[in-house]
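Asks: protein_15.txt (compact mmCIF, C-alpha atoms) pasted underneath:
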# COMPACT_ATOMS: atom_id res chain seq x y z
CA MET F 1 288.64 27.39 4.26
CA PHE F 2 285.84 29.89 3.70
CA PRO F 3 287.06 32.96 1.78
CA SER F 4 288.26 35.84 3.95
CA THR F 5 287.20 38.26 1.22
CA VAL F 6 283.83 38.64 -0.45
CA THR F 7 283.49 36.37 -3.45
CA GLU F 8 280.64 35.94 -5.91
CA LYS F 9 280.98 32.16 -6.34
CA LEU F 10 281.92 29.38 -3.92
CA ASN F 11 283.36 26.13 -5.19
CA ASP F 12 281.96 22.77 -4.07
CA ALA F 13 284.84 22.12 -1.65
CA ILE F 14 284.15 25.37 0.22
CA ILE F 15 280.38 24.74 0.23
CA ASN F 16 280.89 21.22 1.61
CA GLN F 17 283.32 22.50 4.23
CA ALA F 18 280.82 25.19 5.32
CA LEU F 19 278.05 22.58 5.54
CA GLY F 20 280.26 20.54 7.87
CA LEU F 21 280.71 23.33 10.41
CA SER F 22 279.11 23.12 13.84
CA ALA F 23 275.98 25.17 14.55
CA GLU F 24 278.08 27.73 16.46
CA GLU F 25 280.61 28.00 13.63
CA ARG F 26 277.81 28.47 11.09
CA GLN F 27 276.33 31.24 13.25
CA GLU F 28 279.68 33.01 13.37
CA LEU F 29 280.06 32.60 9.61
CA VAL F 30 276.69 34.27 9.01
CA ILE F 31 277.61 37.22 11.22
CA SER F 32 281.18 37.72 10.05
CA TYR F 33 280.59 37.19 6.33
CA ALA F 34 277.40 39.26 6.25
CA GLU F 35 279.33 42.16 7.79
CA LYS F 36 282.06 41.83 5.13
CA ALA F 37 279.64 41.45 2.23
CA ASN F 38 277.17 44.02 3.59
CA GLU F 39 274.33 41.65 2.77
CA ILE F 40 272.52 38.62 4.13
CA TRP F 41 270.60 35.97 2.19
CA VAL F 42 267.07 34.59 2.63
CA VAL F 43 264.86 32.37 0.48
CA GLN F 44 261.69 33.72 -1.07
CA GLY F 45 258.92 31.34 -2.10
CA ALA F 46 255.78 31.92 -4.13
CA GLU F 47 253.85 33.17 -1.10
CA GLY F 48 256.55 35.07 0.78
CA PHE F 49 259.79 34.29 2.52
CA ILE F 50 260.43 30.68 3.46
CA MET F 51 259.94 30.11 7.18
CA LEU F 52 260.61 26.99 9.20
CA GLU F 53 257.97 26.05 11.75
CA ASP F 54 258.74 24.09 14.89
CA ASN F 55 255.89 23.60 17.38
CA ASP F 56 254.79 27.16 18.18
CA SER F 57 257.89 28.84 16.72
CA VAL F 58 258.27 30.46 13.32
CA ARG F 59 261.86 30.89 12.14
CA LEU F 60 263.47 32.69 9.22
CA PRO F 61 266.56 30.88 7.86
CA LEU F 62 269.51 33.20 7.19
CA PHE F 63 272.55 32.51 5.03
CA PRO F 64 275.91 34.24 4.61
CA HIS F 65 276.19 33.58 0.87
CA HIS F 66 273.96 32.97 -2.18
CA ASP F 67 275.54 29.59 -2.93
CA LEU F 68 274.87 28.32 0.61
CA ALA F 69 271.24 29.45 0.44
CA LEU F 70 270.93 27.77 -2.96
CA ARG F 71 272.33 24.49 -1.60
CA PHE F 72 269.72 24.62 1.22
CA VAL F 73 266.96 25.14 -1.36
CA ASP F 74 268.22 22.26 -3.52
CA GLU F 75 268.80 19.78 -0.67
CA ASN F 76 265.41 20.42 0.91
CA GLY F 77 263.36 20.41 -2.30
CA ILE F 78 262.18 23.99 -1.74
CA THR F 79 260.75 26.01 -4.60
CA GLY F 80 262.20 29.43 -4.05
CA THR F 81 264.62 32.14 -5.03
CA CYS F 82 267.66 33.21 -3.03
CA VAL F 83 267.34 36.91 -2.20
CA SER F 84 270.02 39.28 -0.98
CA ILE F 85 269.07 41.92 1.58
CA PRO F 86 271.45 44.84 2.19
CA LEU F 87 272.75 44.52 5.76
CA ASP F 88 271.79 48.09 6.73
CA GLU F 89 268.19 47.47 5.58
CA PHE F 90 268.13 44.12 7.36
CA THR F 91 269.31 45.57 10.67
CA ALA F 92 267.22 48.76 10.49
CA THR F 93 263.94 47.35 9.12
CA TRP F 94 263.82 43.57 9.15
CA LEU F 95 265.20 42.82 12.64
CA PRO F 96 262.79 45.17 14.48
CA GLY F 97 259.86 43.78 12.46
CA LEU F 98 260.89 40.17 13.08
CA GLU F 99 261.23 40.87 16.81
CA THR F 100 257.79 42.52 16.91
CA ASN F 101 256.26 39.51 15.14
CA GLY F 102 258.05 36.98 17.33
CA VAL F 103 259.93 35.42 14.42
CA GLU F 104 263.19 33.74 15.41
CA LEU F 105 266.21 33.36 13.15
CA VAL F 106 267.87 30.08 12.13
CA MET F 107 271.51 30.73 11.41
CA PHE F 108 272.60 28.91 8.21
CA PRO F 109 270.56 25.73 8.67
CA THR F 110 271.65 22.54 6.98
CA LYS F 111 269.73 19.41 6.11
CA SER F 112 272.28 16.93 7.38
CA ASP F 113 272.73 18.61 10.76
CA ALA F 114 269.65 18.57 12.96
CA GLU F 115 271.47 20.96 15.30
CA ASN F 116 270.80 24.51 14.13
CA LEU F 117 271.43 27.63 16.15
CA VAL F 118 268.39 29.84 16.72
CA MET F 119 268.60 33.50 17.72
CA THR F 120 266.14 36.25 18.47
CA ALA F 121 266.19 39.31 16.25
CA ASN F 122 267.37 41.43 19.21
CA ASP F 123 270.29 39.06 19.87
CA LEU F 124 271.37 39.18 16.23
CA ALA F 125 271.09 42.98 16.20
CA ALA F 126 273.38 43.09 19.24
CA GLU F 127 275.88 40.80 17.47
CA PHE F 128 275.98 43.10 14.44
CA LYS F 129 276.58 46.08 16.77
CA GLY F 130 279.42 44.18 18.41
CA GLU F 131 277.78 44.00 21.83
Would you encode the structure as structure tokens?
Replies:
Amino acid sequence: MFPSTVTEKLNDAIINQALGLSAEERQELVISYAEKANEIWVVQGAEGFIMLEDNDSVRLPLFPHHDLALRFVDENGITGTCVSIPLDEFTATWLPGLETNGVELVMFPTKSDAENLVMTANDLAAEFKGE
């Protein structure tokens, strides 16, 4: 079971369990754990933050924990660094900017699961406000 308290390191059993969650469960994990940890994780590449492109959509992958972001980087052969963003900065600065630019959010994507939950920045902001 995913830790109910903030922890610096996740063991392989917890990582594998988190990777096996449904898209909806992964979304809830991002929201609930980010609120506890007061941070959210993204991946930064050499030329900016890693975005996933699908047809006409550009999407920023979000992760609840460093170790889950790192597993995504490793499994997808991405050259990048996992970066923590303080939750207050993310909600006050990033979400409005992402909404303005039309960038959607992929909630804790996995390689093995083609089903990933996508949210708008406004929808995620509402979730963090408890609406």
Asks: Taking (275.2, 41.4, 3.7) in the file's coordinates, which residues come within 7 Å, counting only C-alpha atoms, written as a list of chain:residue names?
Replies: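 Protein, DNA and RNA residues close to (275.2, 41.4, 3.7): F:Ala34, F:Glu35, F:Ala37, F:Asn38, F:Glu39, F:Ile40, F:Ile85, F:Pro86, F:Leu87.
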Asks: Just the selected residues (C-alpha atoms), exported as an mmCIF file, in the coordinates of the input, please.
Replies:
data_model
loop_
_atom_site.group_PDB
_atom_site.id
_atom_site.type_symbol
_atom_site.label_atom_id
_atom_site.label_comp_id
_atom_site.auth_asym_id
_atom_site.auth_seq_id
_atom_site.Cartn_x
_atom_site.Cartn_y
_atom_site.Cartn_z
ATOM 1 C CA ALA F 34 277.400 39.260 6.250
ATOM 2 C CA GLU F 35 279.330 42.160 7.790
ATOM 3 C CA ALA F 37 279.640 41.450 2.230
ATOM 4 C CA ASN F 38 277.170 44.020 3.590
ATOM 5 C CA GLU F 39 274.330 41.650 2.770
ATOM 6 C CA ILE F 40 272.520 38.620 4.130
ATOM 7 C CA ILE F 85 269.070 41.920 1.580
ATOM 8 C CA PRO F 86 271.450 44.840 2.190
ATOM 9 C CA LEU F 87 272.750 44.520 5.760
#
Asks: From the set F:Leu21, F:Phe72, F:Leu60, F:Ile14, which residue has the shortest atom-to-atom contact distance to Ala121 in chain F, counting all atoms listed in the file?
Replies: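 With all atoms listed in the file as the atom set, the closest residue is F:Leu60.
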Asks: Nearest residue to Phe63 in chain F out of F:Met51, F:Met119, F:Val83, F:Leu98, using only C-alpha atoms?
Replies: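 Among the listed residues, the smallest separation from Phe63 in chain F belongs to F:Val83.
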Asks: With distances taken over all atoms listed in the file, which residue among F:Asp67, F:Glu115, F:Asp12, F:Asp123 lies nearest Arg26 in chain F?
Replies: F:Glu115
Asks: Near Ala46 in chain F, counting only C-alpha atoms, which residues have an atom at most 10 Å away, once you skip same-chain residues fewer than 3 positions from it, shown as number ranges by chain?
Replies: F: 49-50, 79-81
Asks: Go ahead and write the selection's residues with C-alpha atoms as an mmCIF file, keeping the file's coordinate frame.
Replies:
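Wrote part.cif, looks like this:
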data_model
loop_
_atom_site.group_PDB
_atom_site.id
_atom_site.type_symbol
_atom_site.label_atom_id
_atom_site.label_comp_id
_atom_site.auth_asym_id
_atom_site.auth_seq_id
_atom_site.Cartn_x
_atom_site.Cartn_y
_atom_site.Cartn_z
ATOM 1 C CA PHE F 49 259.790 34.290 2.520
ATOM 2 C CA ILE F 50 260.430 30.680 3.460
ATOM 3 C CA THR F 79 260.750 26.010 -4.600
ATOM 4 C CA GLY F 80 262.200 29.430 -4.050
ATOM 5 C CA THR F 81 264.620 32.140 -5.030
#
Asks: Could you add N, CA, C and O atoms to range 51-74 of chain F and give me the result as an mmCIF file, in the frame of the given file?
Replies:
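Saved to rebuild_38.cif:
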data_model
loop_
_atom_site.group_PDB
_atom_site.id
_atom_site.type_symbol
_atom_site.label_atom_id
_atom_site.label_comp_id
_atom_site.auth_asym_id
_atom_site.auth_seq_id
_atom_site.Cartn_x
_atom_site.Cartn_y
_atom_site.Cartn_z
ATOM 1 N N MET F 51 259.797 30.181 5.726
ATOM 2 C CA MET F 51 259.940 30.110 7.180
ATOM 3 C C MET F 51 259.924 28.646 7.583
ATOM 4 O O MET F 51 259.257 27.819 6.953
ATOM 5 N N LEU F 52 260.626 28.328 8.637
ATOM 6 C CA LEU F 52 260.610 26.990 9.200
ATOM 7 C C LEU F 52 259.746 27.033 10.452
ATOM 8 O O LEU F 52 259.890 27.946 11.269
ATOM 9 N N GLU F 53 258.854 26.080 10.585
ATOM 10 C CA GLU F 53 257.970 26.050 11.750
ATOM 11 C C GLU F 53 258.319 24.860 12.617
ATOM 12 O O GLU F 53 258.524 23.754 12.124
ATOM 13 N N ASP F 54 258.404 25.111 13.920
ATOM 14 C CA ASP F 54 258.740 24.090 14.890
ATOM 15 C C ASP F 54 257.857 24.308 16.117
ATOM 16 O O ASP F 54 258.054 25.274 16.849
ATOM 17 N N ASN F 55 256.872 23.441 16.307
ATOM 18 C CA ASN F 55 255.890 23.600 17.380
ATOM 19 C C ASN F 55 255.213 24.961 17.246
ATOM 20 O O ASN F 55 254.561 25.223 16.258
ATOM 21 N N ASP F 56 255.417 25.836 18.217
ATOM 22 C CA ASP F 56 254.790 27.160 18.180
ATOM 23 C C ASP F 56 255.721 28.234 17.631
ATOM 24 O O ASP F 56 255.376 29.408 17.652
ATOM 25 N N SER F 57 256.897 27.866 17.178
ATOM 26 C CA SER F 57 257.890 28.840 16.720
ATOM 27 C C SER F 57 257.894 28.961 15.198
ATOM 28 O O SER F 57 257.756 27.970 14.492
ATOM 29 N N VAL F 58 258.075 30.189 14.740
ATOM 30 C CA VAL F 58 258.270 30.460 13.320
ATOM 31 C C VAL F 58 259.665 31.047 13.186
ATOM 32 O O VAL F 58 260.035 31.974 13.910
ATOM 33 N N ARG F 59 260.442 30.495 12.251
ATOM 34 C CA ARG F 59 261.860 30.890 12.140
ATOM 35 C C ARG F 59 262.226 31.187 10.696
ATOM 36 O O ARG F 59 261.880 30.440 9.791
ATOM 37 N N LEU F 60 262.964 32.272 10.529
ATOM 38 C CA LEU F 60 263.470 32.690 9.220
ATOM 39 C C LEU F 60 264.904 32.185 9.077
ATOM 40 O O LEU F 60 265.773 32.569 9.855
ATOM 41 N N PRO F 61 265.179 31.318 8.076
ATOM 42 C CA PRO F 61 266.560 30.880 7.860
ATOM 43 C C PRO F 61 267.379 32.001 7.212
ATOM 44 O O PRO F 61 266.915 32.658 6.285
ATOM 45 N N LEU F 62 268.592 32.197 7.716
ATOM 46 C CA LEU F 62 269.510 33.200 7.190
ATOM 47 C C LEU F 62 270.780 32.523 6.701
ATOM 48 O O LEU F 62 271.243 31.553 7.300
ATOM 49 N N PHE F 63 271.352 33.083 5.633
ATOM 50 C CA PHE F 63 272.550 32.510 5.030
ATOM 51 C C PHE F 63 273.575 33.596 4.760
ATOM 52 O O PHE F 63 273.216 34.717 4.402
ATOM 53 N N PRO F 64 274.863 33.250 4.858
ATOM 54 C CA PRO F 64 275.910 34.240 4.610
ATOM 55 C C PRO F 64 276.205 34.465 3.125
ATOM 56 O O PRO F 64 276.789 35.482 2.761
ATOM 57 N N HIS F 65 275.799 33.521 2.274
ATOM 58 C CA HIS F 65 276.190 33.580 0.870
ATOM 59 C C HIS F 65 275.105 32.958 -0.008
ATOM 60 O O HIS F 65 274.446 31.995 0.405
ATOM 61 N N HIS F 66 274.948 33.481 -1.210
ATOM 62 C CA HIS F 66 273.960 32.970 -2.180
ATOM 63 C C HIS F 66 274.106 31.473 -2.392
ATOM 64 O O HIS F 66 273.121 30.729 -2.383
ATOM 65 N N ASP F 67 275.332 30.999 -2.602
ATOM 66 C CA ASP F 67 275.540 29.590 -2.930
ATOM 67 C C ASP F 67 275.148 28.663 -1.780
ATOM 68 O O ASP F 67 274.704 27.535 -2.007
ATOM 69 N N LEU F 68 275.273 29.129 -0.540
ATOM 70 C CA LEU F 68 274.870 28.320 0.610
ATOM 71 C C LEU F 68 273.351 28.295 0.742
ATOM 72 O O LEU F 68 272.767 27.268 1.086
ATOM 73 N N ALA F 69 272.700 29.405 0.452
ATOM 74 C CA ALA F 69 271.240 29.450 0.440
ATOM 75 C C ALA F 69 270.701 28.540 -0.668
ATOM 76 O O ALA F 69 269.738 27.797 -0.468
ATOM 77 N N LEU F 70 271.346 28.591 -1.824
ATOM 78 C CA LEU F 70 270.930 27.770 -2.960
ATOM 79 C C LEU F 70 271.075 26.278 -2.637
ATOM 80 O O LEU F 70 270.206 25.470 -2.969
ATOM 81 N N ARG F 71 272.143 25.903 -1.979
ATOM 82 C CA ARG F 71 272.330 24.490 -1.600
ATOM 83 C C ARG F 71 271.214 24.050 -0.647
ATOM 84 O O ARG F 71 270.674 22.956 -0.769
ATOM 85 N N PHE F 72 270.831 24.918 0.305
ATOM 86 C CA PHE F 72 269.720 24.620 1.220
ATOM 87 C C PHE F 72 268.430 24.394 0.447
ATOM 88 O O PHE F 72 267.697 23.443 0.707
ATOM 89 N N VAL F 73 268.158 25.256 -0.521
ATOM 90 C CA VAL F 73 266.960 25.140 -1.360
ATOM 91 C C VAL F 73 266.969 23.800 -2.101
ATOM 92 O O VAL F 73 265.992 23.055 -2.079
ATOM 93 N N ASP F 74 268.098 23.493 -2.735
ATOM 94 C CA ASP F 74 268.220 22.260 -3.520
ATOM 95 C C ASP F 74 268.089 21.010 -2.650
ATOM 96 O O ASP F 74 267.373 20.070 -3.001
#
